[in-house]
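**Student:** coords18.txt is reproduced below (compact mmCIF, C-alpha atoms).
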# COMPACT_ATOMS: atom_id res chain seq x y z
CA MET A 81 -144.66 29.71 46.07
CA TRP A 82 -141.25 30.03 44.44
CA ALA A 83 -141.69 26.62 42.88
CA GLY A 84 -144.97 27.72 41.40
CA ARG A 85 -143.33 30.72 39.82
CA GLY A 86 -140.24 28.86 38.57
CA TRP A 87 -141.64 28.54 35.09
CA GLN A 88 -142.08 32.32 34.94
CA TRP A 89 -138.41 32.82 35.73
CA VAL A 90 -137.49 30.27 33.09
CA VAL A 91 -139.60 32.10 30.52
CA ALA A 92 -138.10 35.45 31.57
CA LEU A 93 -134.58 34.12 31.33
CA PHE A 94 -135.38 32.57 27.98
CA LEU A 95 -136.77 35.84 26.67
CA LEU A 96 -133.78 37.71 28.05
CA ALA A 97 -131.47 35.28 26.29
CA LEU A 98 -133.39 35.78 23.05
CA VAL A 99 -133.08 39.55 23.40
CA ALA A 100 -129.35 39.23 24.10
CA VAL A 101 -128.84 36.95 21.09
CA TYR A 102 -130.90 39.31 18.92
CA TRP A 103 -128.91 42.29 20.15
CA VAL A 104 -125.59 40.52 19.49
CA GLN A 105 -126.77 39.57 15.99
CA GLU A 106 -127.90 43.14 15.36
CA VAL A 107 -124.50 44.43 16.43
CA ARG A 108 -122.78 41.90 14.18
CA LEU A 109 -125.12 42.69 11.30
CA ASP A 110 -124.54 46.40 11.74
CA ARG A 111 -120.81 45.79 11.83
CA TRP A 112 -120.95 43.66 8.69
CA GLN A 113 -123.12 46.24 6.93
CA ARG A 114 -120.55 48.92 7.73
CA LYS A 115 -117.82 46.60 6.47
CA VAL A 116 -119.71 45.93 3.23
CA ALA A 117 -120.41 49.65 2.77
CA GLU A 118 -116.75 50.38 3.41
CA LEU A 119 -115.70 47.75 0.86
CA TYR A 120 -118.10 49.22 -1.71
CA ASP A 121 -116.66 52.66 -1.03
CA GLN A 122 -113.14 51.30 -1.45
CA LEU A 123 -114.11 49.59 -4.72
CA GLY A 124 -115.57 52.86 -5.96
CA SER A 125 -112.37 54.65 -5.00
CA LEU A 126 -110.29 51.99 -6.73
CA ASP A 127 -112.23 52.51 -9.98
CA LEU A 128 -111.65 56.25 -9.78
CA MET A 129 -108.02 55.79 -8.80
CA ARG A 130 -107.51 53.47 -11.74
CA SER A 131 -108.51 56.37 -13.98
CA LEU A 132 -105.95 58.53 -12.17
CA GLY A 133 -103.30 55.87 -12.76
CA GLN A 134 -103.99 56.14 -16.50
CA ALA A 135 -104.15 59.94 -16.56
CA GLY A 136 -101.67 61.99 -18.53
CA PRO A 137 -100.24 65.34 -17.42
CA ALA A 138 -103.19 67.32 -18.76
CA ASP A 139 -105.73 64.89 -17.25
CA LEU A 140 -104.28 64.82 -13.72
CA PRO A 141 -106.34 67.75 -12.27
CA ARG A 142 -109.57 66.31 -13.69
CA ALA A 143 -108.84 62.81 -12.36
CA VAL A 144 -107.97 64.10 -8.86
CA ALA A 145 -111.09 66.31 -8.88
CA GLU A 146 -113.25 63.23 -9.62
CA LEU A 147 -111.69 61.41 -6.67
CA LEU A 148 -112.32 64.35 -4.33
CA THR A 149 -115.88 64.80 -5.58
CA ASP A 150 -116.55 61.15 -4.79
CA LEU A 151 -114.96 61.55 -1.34
CA VAL A 152 -117.00 64.56 -0.15
CA PRO A 153 -120.50 63.01 0.29
CA ARG A 154 -119.12 59.70 1.52
CA TRP A 155 -117.50 61.23 4.60
CA GLY A 156 -119.83 64.16 5.17
CA LEU A 157 -117.39 66.81 3.96
CA SER A 158 -118.17 70.34 2.87
CA TRP A 159 -115.37 70.47 0.33
CA ALA A 160 -111.91 69.09 -0.38
CA ALA A 161 -108.77 70.23 -2.18
CA ALA A 162 -105.36 68.82 -3.06
CA TRP A 163 -102.20 70.91 -3.34
CA SER A 164 -98.75 69.98 -4.54
CA TRP A 165 -95.77 71.30 -2.60
CA GLN A 166 -93.34 73.11 -4.89
CA GLY A 167 -90.76 74.06 -2.25
CA GLU A 168 -91.60 77.75 -2.53
CA GLY A 169 -95.31 77.32 -1.95
CA LEU A 170 -98.43 75.26 -2.58
CA GLU A 171 -99.89 74.86 -6.08
CA LEU A 172 -103.53 73.80 -6.36
CA VAL A 173 -104.03 70.52 -8.23
CA ALA A 174 -107.81 70.12 -7.86
CA ALA A 175 -110.68 71.21 -5.61
CA THR A 176 -114.40 70.58 -5.25
CA ARG A 177 -115.13 74.22 -4.42
CA GLU A 178 -114.59 77.37 -6.47
CA PRO A 179 -113.52 79.99 -5.75
CA LEU A 180 -111.27 78.80 -2.96
CA PRO A 181 -111.23 80.83 0.25
CA GLY A 182 -108.00 82.51 1.19
CA PRO A 183 -105.20 83.26 -1.27
CA GLY A 184 -106.66 81.01 -3.99
CA PRO A 185 -104.86 78.41 -6.13
CA ARG A 186 -101.35 79.51 -5.09
CA VAL A 187 -100.24 79.67 -1.47
CA PRO A 188 -96.88 81.40 -0.81
CA GLY A 189 -94.42 79.40 1.26
CA ALA A 190 -94.37 82.17 3.89
CA LEU A 191 -97.97 81.26 4.83
CA VAL A 192 -97.15 77.57 5.24
CA VAL A 193 -95.56 77.52 8.70
CA PRO A 194 -94.75 74.27 10.56
CA GLU A 195 -96.76 75.11 13.69
CA GLN A 196 -100.06 76.13 12.10
CA GLY A 197 -102.67 75.06 9.57
CA LEU A 198 -101.62 73.24 6.44
CA GLY A 199 -97.99 73.75 7.42
CA VAL A 200 -98.23 71.00 10.06
CA ALA A 201 -98.90 68.38 7.37
CA VAL A 202 -96.60 69.90 4.75
CA ARG A 203 -93.60 70.76 6.91
CA THR A 204 -93.74 67.90 9.43
CA GLY A 205 -95.50 65.15 7.46
CA ARG A 206 -98.07 64.60 10.25
CA PRO A 207 -101.89 64.69 9.85
CA ARG A 208 -103.64 67.67 11.44
CA TYR A 209 -107.27 67.51 12.65
CA THR A 210 -109.15 70.47 14.14
CA GLY A 211 -112.19 70.40 16.41
CA ARG A 212 -115.40 72.39 16.63
CA GLU A 213 -115.84 75.37 14.37
CA GLU A 214 -115.61 77.97 17.14
CA GLU A 215 -112.36 76.39 18.34
CA ALA A 216 -110.81 75.60 15.00
CA GLU A 217 -107.81 77.52 13.83
CA GLY A 218 -107.69 78.49 10.17
CA PHE A 219 -106.02 76.12 7.75
CA LEU A 220 -104.17 79.24 6.57
CA PRO A 221 -103.52 82.43 8.54
CA GLY A 222 -106.66 84.57 8.53
CA VAL A 223 -108.85 81.92 6.84
CA ARG A 224 -111.73 80.57 8.96
CA SER A 225 -113.81 77.48 8.20
CA GLY A 226 -115.53 74.56 9.88
CA PRO A 227 -113.53 71.69 11.33
CA TRP A 228 -110.83 70.77 8.86
CA ALA A 229 -108.14 68.15 8.40
CA ALA A 230 -104.83 68.33 6.54
CA LEU A 231 -103.31 65.01 5.49
CA PRO A 232 -99.82 64.75 3.96
CA LEU A 233 -99.61 63.13 0.54
CA GLY A 234 -96.35 61.23 0.70
CA GLU A 235 -93.61 60.88 3.24
CA GLY A 236 -90.95 63.34 4.33
CA PRO A 237 -90.94 65.65 2.44
CA PRO A 238 -94.51 65.02 1.22
CA TRP A 239 -95.55 65.41 -2.41
CA GLY A 240 -98.38 67.66 -1.29
CA VAL A 241 -101.30 67.99 1.11
CA LEU A 242 -104.96 66.99 1.15
CA LEU A 243 -107.33 69.52 2.77
CA LEU A 244 -110.74 68.30 3.99
CA VAL A 245 -113.40 70.58 5.52
CA ARG A 246 -116.10 68.88 7.59
CA THR A 247 -119.83 69.70 7.76
CA GLU A 248 -121.16 66.87 9.93
CA GLY A 249 -120.31 66.22 13.57
CA GLY A 250 -122.18 69.24 14.93
CA ARG A 251 -121.10 71.03 18.06
CA ARG A 252 -121.07 67.91 20.20
CA GLY A 253 -118.50 65.18 19.95
CA ASP A 254 -115.46 64.73 17.78
CA PRO A 255 -116.07 65.79 14.13
CA TRP A 256 -113.31 63.36 13.18
CA PRO A 257 -114.14 60.06 14.92
CA PRO A 258 -111.62 57.20 14.63
CA GLU A 259 -113.43 55.39 11.80
CA VAL A 260 -113.56 58.62 9.75
CA ARG A 261 -109.88 59.34 10.35
CA ALA A 262 -108.97 55.77 9.39
CA GLY A 263 -110.96 56.00 6.14
CA LEU A 264 -109.56 59.40 5.17
CA GLU A 265 -105.98 58.42 5.95
CA ARG A 266 -106.43 55.23 3.93
CA PHE A 267 -107.68 57.35 1.02
CA ALA A 268 -104.68 59.68 1.39
CA ARG A 269 -102.28 56.71 1.29
CA GLN A 270 -103.94 55.32 -1.84
CA LEU A 271 -103.88 58.72 -3.50
CA THR A 272 -100.22 59.16 -2.54
CA LEU A 273 -99.32 55.79 -4.05
CA LEU A 274 -101.06 56.59 -7.32
CA LEU A 275 -99.55 60.07 -7.49
CA ALA A 276 -96.12 58.53 -6.95
CA GLN A 277 -96.78 56.01 -9.73
CA TRP A 278 -98.03 58.77 -12.00
CA GLN A 279 -94.96 60.89 -11.24
CA LEU A 280 -92.65 57.93 -11.90
CA ARG A 281 -94.37 57.28 -15.21
CA GLU A 282 -94.01 60.93 -16.19
CA GLU A 283 -90.34 60.92 -15.23
CA ARG A 284 -89.80 57.81 -17.33
CA ALA A 285 -91.62 59.42 -20.24
CA ARG A 286 -89.47 62.55 -19.92
CA ALA A 287 -86.33 60.42 -19.72
CA GLU A 288 -87.39 58.51 -22.83
CA THR A 289 -88.09 61.80 -24.61
CA ASP A 290 -84.66 63.09 -23.59
CA ARG A 291 -83.04 59.89 -24.89
CA ARG A 292 -84.96 60.15 -28.15
CA LEU A 293 -83.96 63.80 -28.59
CA ALA A 294 -80.35 62.95 -27.81
CA ARG A 295 -80.45 60.19 -30.40
CA LEU A 296 -82.01 62.54 -32.96
CA ARG A 297 -79.38 65.18 -32.23
CA SER A 298 -76.66 62.60 -32.75
CA GLU A 299 -78.23 61.43 -36.01
CA LEU A 300 -78.66 65.03 -37.12
CA LEU A 301 -75.03 65.89 -36.37
CA GLN A 302 -73.82 62.80 -38.22
CA THR A 303 -76.05 63.56 -41.19
CA VAL A 304 -75.12 67.23 -41.25
CA SER A 305 -71.40 66.55 -40.95
CA HIS A 306 -71.54 64.00 -43.76
CA GLU A 307 -73.91 65.77 -46.13
CA LEU A 308 -72.39 69.24 -45.71
CA ARG A 309 -68.81 68.05 -45.87
CA THR A 310 -69.17 66.85 -49.48
CA PRO A 311 -70.37 70.11 -51.08
CA LEU A 312 -68.01 72.14 -48.89
CA GLY A 313 -65.12 69.92 -49.96
CA LEU A 314 -65.99 70.31 -53.62
CA ILE A 315 -66.43 74.07 -53.32
CA LYS A 316 -63.10 74.39 -51.53
CA GLY A 317 -61.29 72.11 -53.97
CA TYR A 318 -62.54 73.80 -57.13
CA SER A 319 -62.06 77.27 -55.62
CA ALA A 320 -58.48 76.46 -54.65
CA THR A 321 -57.77 75.14 -58.14
CA LEU A 322 -59.18 78.28 -59.73
CA ARG A 323 -57.19 80.48 -57.35
CA THR A 324 -53.85 78.76 -57.94
CA GLN A 325 -54.14 77.60 -61.55
CA ALA A 326 -56.65 79.87 -63.23
CA ASP A 327 -54.10 81.13 -65.75
CA ARG A 328 -53.33 77.57 -66.86
CA LEU A 329 -56.94 76.49 -67.33
CA ALA A 330 -58.92 76.90 -70.51
CA GLU A 331 -61.89 79.25 -70.44
CA GLU A 332 -64.33 76.37 -70.84
CA THR A 333 -62.73 74.51 -67.92
CA ARG A 334 -62.96 77.58 -65.71
CA ARG A 335 -66.65 77.89 -66.56
CA GLU A 336 -67.17 74.22 -65.67
CA PHE A 337 -65.40 74.73 -62.35
CA LEU A 338 -67.52 77.78 -61.58
CA ALA A 339 -70.68 75.85 -62.53
CA VAL A 340 -69.70 73.05 -60.13
CA ILE A 341 -69.09 75.59 -57.36
CA GLU A 342 -72.46 77.22 -58.00
CA GLU A 343 -74.24 73.85 -58.13
CA GLU A 344 -72.64 72.65 -54.88
CA ALA A 345 -73.42 75.97 -53.19
CA ASP A 346 -77.08 75.56 -54.21
CA ARG A 347 -77.06 72.01 -52.90
CA LEU A 348 -75.48 73.17 -49.65
CA SER A 349 -78.11 75.89 -49.29
CA LEU A 350 -80.88 73.37 -49.92
CA GLN A 351 -79.52 70.97 -47.29
CA ILE A 352 -79.27 73.76 -44.73
CA ASP A 353 -82.82 74.87 -45.54
CA ARG A 354 -84.05 71.29 -45.02
CA ILE A 355 -82.34 71.03 -41.65
CA LEU A 356 -83.69 74.41 -40.52
CA GLU A 357 -87.17 73.52 -41.74
CA ALA A 358 -87.11 70.24 -39.83
CA SER A 359 -86.06 72.12 -36.69
CA ARG A 360 -88.82 74.70 -37.19
CA LEU A 361 -91.49 72.04 -37.58
CA GLU A 362 -90.23 70.18 -34.52
CA ALA A 363 -90.17 73.29 -32.34
CA ALA A 364 -93.22 75.23 -33.54
CA GLY A 365 -95.52 72.47 -34.77
CA ALA A 366 -95.70 73.80 -38.34
CA PRO A 367 -97.51 77.16 -37.91
CA LEU A 368 -99.63 77.80 -40.98
CA ARG A 369 -100.64 80.85 -42.99
CA PRO A 370 -103.52 79.31 -44.98
CA GLU A 371 -105.33 80.89 -47.90
CA TRP A 372 -107.21 79.77 -51.00
CA VAL A 373 -104.70 78.66 -53.63
CA SER A 374 -105.08 77.11 -57.07
CA ALA A 375 -104.42 73.36 -57.06
CA ALA A 376 -103.29 73.43 -60.69
CA GLY A 377 -101.05 76.42 -59.99
CA LEU A 378 -99.36 74.59 -57.12
CA LEU A 379 -98.59 71.64 -59.41
CA ARG A 380 -97.29 73.73 -62.30
CA GLU A 381 -94.98 75.77 -60.06
CA ALA A 382 -93.65 72.62 -58.40
CA ALA A 383 -92.93 71.02 -61.78
CA ARG A 384 -91.13 74.17 -62.91
CA ARG A 385 -88.96 74.22 -59.77
CA SER A 386 -88.14 70.52 -60.07
CA ALA A 387 -86.31 71.15 -63.33
CA ARG A 388 -83.82 73.31 -61.41
CA THR A 389 -83.61 71.01 -58.37
CA VAL A 390 -82.67 67.88 -60.33
CA PRO A 391 -80.86 69.00 -63.50
CA GLY A 392 -81.18 66.58 -66.40
CA ALA A 393 -84.21 64.83 -64.94
CA ALA A 394 -87.11 63.88 -67.16
CA ALA A 395 -90.00 66.29 -67.51
CA VAL A 396 -92.88 65.94 -65.08
CA GLU A 397 -96.33 65.11 -66.48
CA VAL A 398 -98.88 67.37 -64.76
CA THR A 399 -102.62 66.59 -64.62
CA ALA A 400 -104.81 68.79 -62.42
CA GLU A 401 -108.51 69.49 -62.04
CA ALA A 402 -109.64 73.09 -61.75
CA GLY A 403 -110.30 74.18 -58.19
CA MET A 404 -108.98 75.88 -55.09
CA VAL A 405 -107.45 74.22 -52.06
CA TRP A 406 -107.22 75.74 -48.56
CA GLY A 407 -103.66 75.75 -47.26
CA ASP A 408 -100.34 77.47 -46.82
CA PRO A 409 -99.05 77.90 -50.39
CA GLN A 410 -95.40 78.02 -49.34
CA ASP A 411 -95.60 74.88 -47.20
CA LEU A 412 -97.74 72.96 -49.71
CA GLY A 413 -95.29 73.93 -52.43
CA MET A 414 -92.47 72.58 -50.27
CA VAL A 415 -94.34 69.28 -49.88
CA LEU A 416 -94.70 68.90 -53.65
CA ASP A 417 -91.05 69.90 -54.17
CA ASN A 418 -89.87 67.21 -51.77
CA LEU A 419 -92.09 64.53 -53.30
CA LEU A 420 -91.06 65.42 -56.83
CA GLU A 421 -87.37 65.53 -55.95
CA ASN A 422 -87.69 62.10 -54.37
CA ALA A 423 -89.43 60.67 -57.45
CA LEU A 424 -87.00 62.25 -59.93
CA LYS A 425 -83.89 61.15 -58.04
CA TYR A 426 -84.82 57.64 -57.00
CA GLY A 427 -87.50 56.67 -59.50
CA ALA A 428 -87.63 56.52 -63.29
CA PRO A 429 -89.64 58.34 -65.96
CA PRO A 430 -92.38 59.01 -66.52
CA VAL A 431 -92.98 60.96 -63.31
CA GLU A 432 -96.63 61.94 -62.92
CA LEU A 433 -97.99 64.75 -60.75
CA ARG A 434 -101.78 64.73 -60.37
CA ALA A 435 -104.44 66.63 -58.40
CA ARG A 436 -108.15 65.82 -58.24
CA ARG A 437 -111.12 66.69 -56.06
CA GLN A 438 -112.72 63.72 -54.30
CA GLY A 439 -115.70 64.59 -52.11
CA THR A 440 -114.51 66.83 -49.27
CA GLU A 441 -110.83 66.23 -50.04
CA TRP A 442 -108.17 67.15 -52.53
CA VAL A 443 -105.98 64.22 -53.56
CA PHE A 444 -102.43 64.96 -54.77
CA THR A 445 -100.41 62.10 -56.24
CA VAL A 446 -96.75 61.81 -57.25
CA ALA A 447 -95.90 58.58 -59.06
CA ASP A 448 -92.80 57.27 -60.83
CA ALA A 449 -91.95 54.15 -62.86
CA GLY A 450 -88.82 53.13 -60.96
CA GLN A 451 -88.09 50.02 -58.92
CA GLY A 452 -90.17 51.08 -55.92
CA VAL A 453 -89.03 50.11 -52.44
CA GLU A 454 -88.96 46.95 -50.38
CA GLU A 455 -92.29 46.27 -48.66
CA GLY A 456 -90.68 46.65 -45.24
CA GLU A 457 -89.46 50.13 -46.18
CA VAL A 458 -92.82 51.68 -47.11
CA ASP A 459 -93.74 52.54 -43.51
CA ARG A 460 -90.26 53.96 -42.84
CA LEU A 461 -90.10 56.37 -45.76
CA PHE A 462 -91.52 59.24 -43.69
CA GLU A 463 -89.15 58.77 -40.74
CA ARG A 464 -86.56 61.46 -40.13
CA PHE A 465 -83.11 60.67 -41.55
CA TYR A 466 -84.29 57.44 -43.18
CA ARG A 467 -82.76 56.72 -46.58
CA SER A 468 -83.31 53.56 -48.58
CA PRO A 469 -80.13 51.44 -48.67
CA ARG A 470 -80.75 50.92 -52.38
CA HIS A 471 -80.14 54.60 -53.18
CA ARG A 472 -77.65 55.81 -50.56
CA THR A 473 -74.59 55.55 -52.78
CA ARG A 474 -76.13 57.17 -55.86
CA TRP A 475 -77.64 60.35 -54.39
CA ARG A 476 -76.69 62.50 -51.46
CA GLY A 477 -79.34 63.70 -49.03
CA THR A 478 -80.36 64.20 -45.43
CA GLY A 479 -83.37 61.89 -45.32
CA LEU A 480 -85.54 64.80 -44.15
CA GLY A 481 -87.61 65.61 -47.24
CA LEU A 482 -90.43 63.10 -46.76
CA ALA A 483 -90.44 63.59 -42.98
CA ILE A 484 -90.96 67.32 -43.50
CA ALA A 485 -93.73 66.60 -46.02
CA ARG A 486 -95.56 64.42 -43.50
CA ARG A 487 -95.40 67.06 -40.75
CA VAL A 488 -96.74 69.77 -43.07
CA VAL A 489 -99.55 67.56 -44.41
CA GLU A 490 -100.62 66.55 -40.89
CA ALA A 491 -100.56 70.21 -39.81
CA HIS A 492 -103.09 70.85 -42.61
CA GLY A 493 -105.34 68.12 -41.20
CA GLY A 494 -104.42 65.73 -44.00
CA ARG A 495 -102.59 62.45 -44.37
CA ILE A 496 -99.81 61.13 -46.57
CA THR A 497 -99.21 57.53 -47.63
CA ALA A 498 -96.91 55.62 -49.97
CA ARG A 499 -97.33 52.35 -51.83
CA ASN A 500 -95.63 50.36 -54.54
CA ARG A 501 -97.56 50.57 -57.79
CA PRO A 502 -98.75 47.36 -59.45
CA GLY A 503 -95.99 46.61 -61.93
CA ARG A 504 -93.23 49.06 -61.01
CA GLY A 505 -92.73 52.36 -59.36
CA LEU A 506 -93.70 54.16 -56.17
CA GLU A 507 -96.79 56.30 -55.62
CA VAL A 508 -97.11 58.86 -52.82
CA GLU A 509 -100.61 60.18 -52.10
CA VAL A 510 -101.50 63.31 -50.13
CA ARG A 511 -105.09 63.91 -49.01
CA LEU A 512 -106.02 67.38 -47.78
CA PRO A 513 -109.35 68.85 -46.61
CA ALA A 514 -110.95 70.85 -49.40
CA GLY A 515 -111.72 73.79 -47.12
CA PRO A 516 -111.06 75.31 -43.70
CA PRO A 517 -111.80 73.07 -40.69
CA VAL A 518 -114.63 75.19 -39.23
CA GLY A 519 -116.51 78.21 -40.46
CA GLY A 520 -114.69 78.42 -43.76
CA ARG A 521 -116.46 78.95 -47.07
CA GLU A 522 -115.98 76.40 -49.85
CA GLU A 523 -114.58 78.24 -52.84
CA GLY A 524 -113.56 75.30 -54.94
CA ALA A 525 -115.56 76.31 -58.01
CA ALA A 526 -113.16 78.97 -59.17
CA ASP A 527 -109.60 78.32 -60.22
CA GLY A 528 -106.60 80.52 -60.16
CA PRO A 529 -103.79 80.86 -62.62
When written as structure tokens, how does the structure in this file appear?

**Tutor:**
Amino acid sequence: MWAGRGWQWVVALFLLALVAVYWVQEVRLDRWQRKVAELYDQLGSLDLMRSLGQAGPADLPRAVAELLTDLVPRWGLSWAAAWSWQGEGLELVAATREPLPGPGPRVPGALVVPEQGLGVAVRTGRPRYTGREEEAEGFLPGVRSGPWAALPLGEGPPWGVLLLVRTEGGRRGDPWPPEVRAGLERFARQLTLLLAQWQLREERARAETDRRLARLRSELLQTVSHELRTPLGLIKGYSATLRTQADRLAEETRREFLAVIEEEADRLSLQIDRILEASRLEAAGAPLRPEWVSAAGLLREAARRSARTVPGAAAVEVTAEAGMVWGDPQDLGMVLDNLLENALKYGAPPVELRARRQGTEWVFTVADAGQGVEEGEVDRLFERFYRSPRHRTRWRGTGLGLAIARRVVEAHGGRITARNRPGRGLEVEVRLPAGPPVGGREEGAADGP
């Protein structure tokens, strides 16, 4: 009887073995599918975190918000937020929910206590997970929510804290099972690493800025001490001579001495104005007071002033189309003054000053017939304190005139370039928008005085 049924047992055992093999394969397949899904999630996070690694100071909240937004649906969260710890409290960096419950974007340090809520992660550096909603303490005193987790960002003391509020998990079982905790803590470690890299990059950038400012201060002090010492020395010398020997000097000589004193005082005043103007542009970013101003009038006034700035220089040839340009007349006049002074001092006659309308731009040109500059110097002409070695011994100066001109032109939305002219001489070209950036009315048909 048993022998007759032996084949049935064999078939049953065979089928049972097939079921077992199938079940094992299903378990393995499910495990591999979870692994693949996890890897895809990690790759997605890496792409987002790469954007965070490239973010600047202004982009950091947006980049962190993108990371949190990607995290919420993946782990069944209701919302997420990241705070930075400032020592005296928490400052919100980014969140996926607005408005935030509780005190909002700033949490006073008095509410962040080591034994409760976010304070466990911030003060002790340990993750904090809460259970079911009816049993969960608030992440801040008086603030209730579903199950939440607080993960430190960084190690003792942490850079900040990551708050995660859960929606899935229901009222049965752990809302934060081991695989969820492992994934979230892995995310927190990755975010911490990138935030640390971002912070290091910002510190390096600040250090480089500090070094650059220190170098500029040193250059400024050297330039100021050198350029101001000469006119001060001349003023003092001629004044002392007049004071001690005035009765022995002829009237004409005394007038010459007084003229030298006046000329050096004017030069001293001009140098101080240049230094102050450079400081103003650096600090305030060239605030403008724009209005419609005659292009031809700007050129004529600049040519008239140049005769006083560089005594004995050749006359400036002015050619200007009729029309109005939108800009700050004082600052645009200063640009033309600096360009003309540069051409009259370092170039050779004739010096040409031109203005013409070209499409949506005004083009101002200052050209001379001098020797020009070396090709390698053209790009350096607009650097602060740069002076061509060819002209340092002949003329005194701070090397700020063209740098100031560039800052003013760029503040007007324009651009300034220099090039050696075919043959001889240097040409500097300024291109400015013909009208206001937005909402302004073109009034270029009429001309002023």

**Student:** So what do you get for atom CA of A:Glu507 versus atom CA of A:Tyr426, distance-wise?

**Tutor:**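 Atom CA of A:Tyr426 lies at a distance of 12.1 Å from atom CA of A:Glu507.
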
**Student:** What is the atom CA of A:Ala262-atom CA of A:Trp155 distance in Å, reported with one decimal?

**Tutor:**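 That distance, rounded to one decimal, is 11.2 Å.
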
**Student:** Near A:Gly427, within 7 Å and counting only C-alpha atoms, which residues show up once chain neighbours fewer than 3 positions away are dropped, as number ranges by chain?

**Tutor:** A: 423-424, 448-451, 505

**Student:** Nearest residue to A:Ile352 out of A:Gly439, A:Gly226, A:Gly263, A:Gly481, using only C-alpha atoms?

**Tutor:** A:Gly481

**Student:** So how many Å separate atom CA of A:Trp278 and atom CA of A:Glu168, to one decimal?

**Tutor:**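 Value for the atom CA of A:Trp278-atom CA of A:Glu168 distance: 22.2 Å.
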
**Student:** Could you check the closest approach to A:Arg142 for each of A:Gly218, A:Ser164, A:Leu314, A:Val173 and tell me which residue wins, using all atoms listed in the file?

**Tutor:**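 Using all atoms listed in the file, the shortest distance to A:Arg142 belongs to A:Val173.
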
**Student:** Adding 3 Å on each side of the box along x, y and z that holds all listed atoms of stretch 335-341 of chain A, could you give its centre and edge lengths in Å to one decimal, as JSON?

**Tutor:**
{"center_x": -68.0, "center_y": 75.5, "center_z": -62.0, "size_x": 11.3, "size_y": 10.8, "size_z": 15.2}

**Student:** For stretch 334-346 of chain A, please output as number ranges by chain all residues within 7 Å (counting all atoms listed in the file; exclusion window: fewer than 4 positions along the same chain).

**Tutor:** A: 311, 315, 318, 329-330, 350

**Student:** Given all atoms listed in the file as the basis, pick out the residue of A:Leu220, A:Gly503, A:Arg385, A:Trp406 nearest to A:Val373.

**Tutor:** A:Trp406
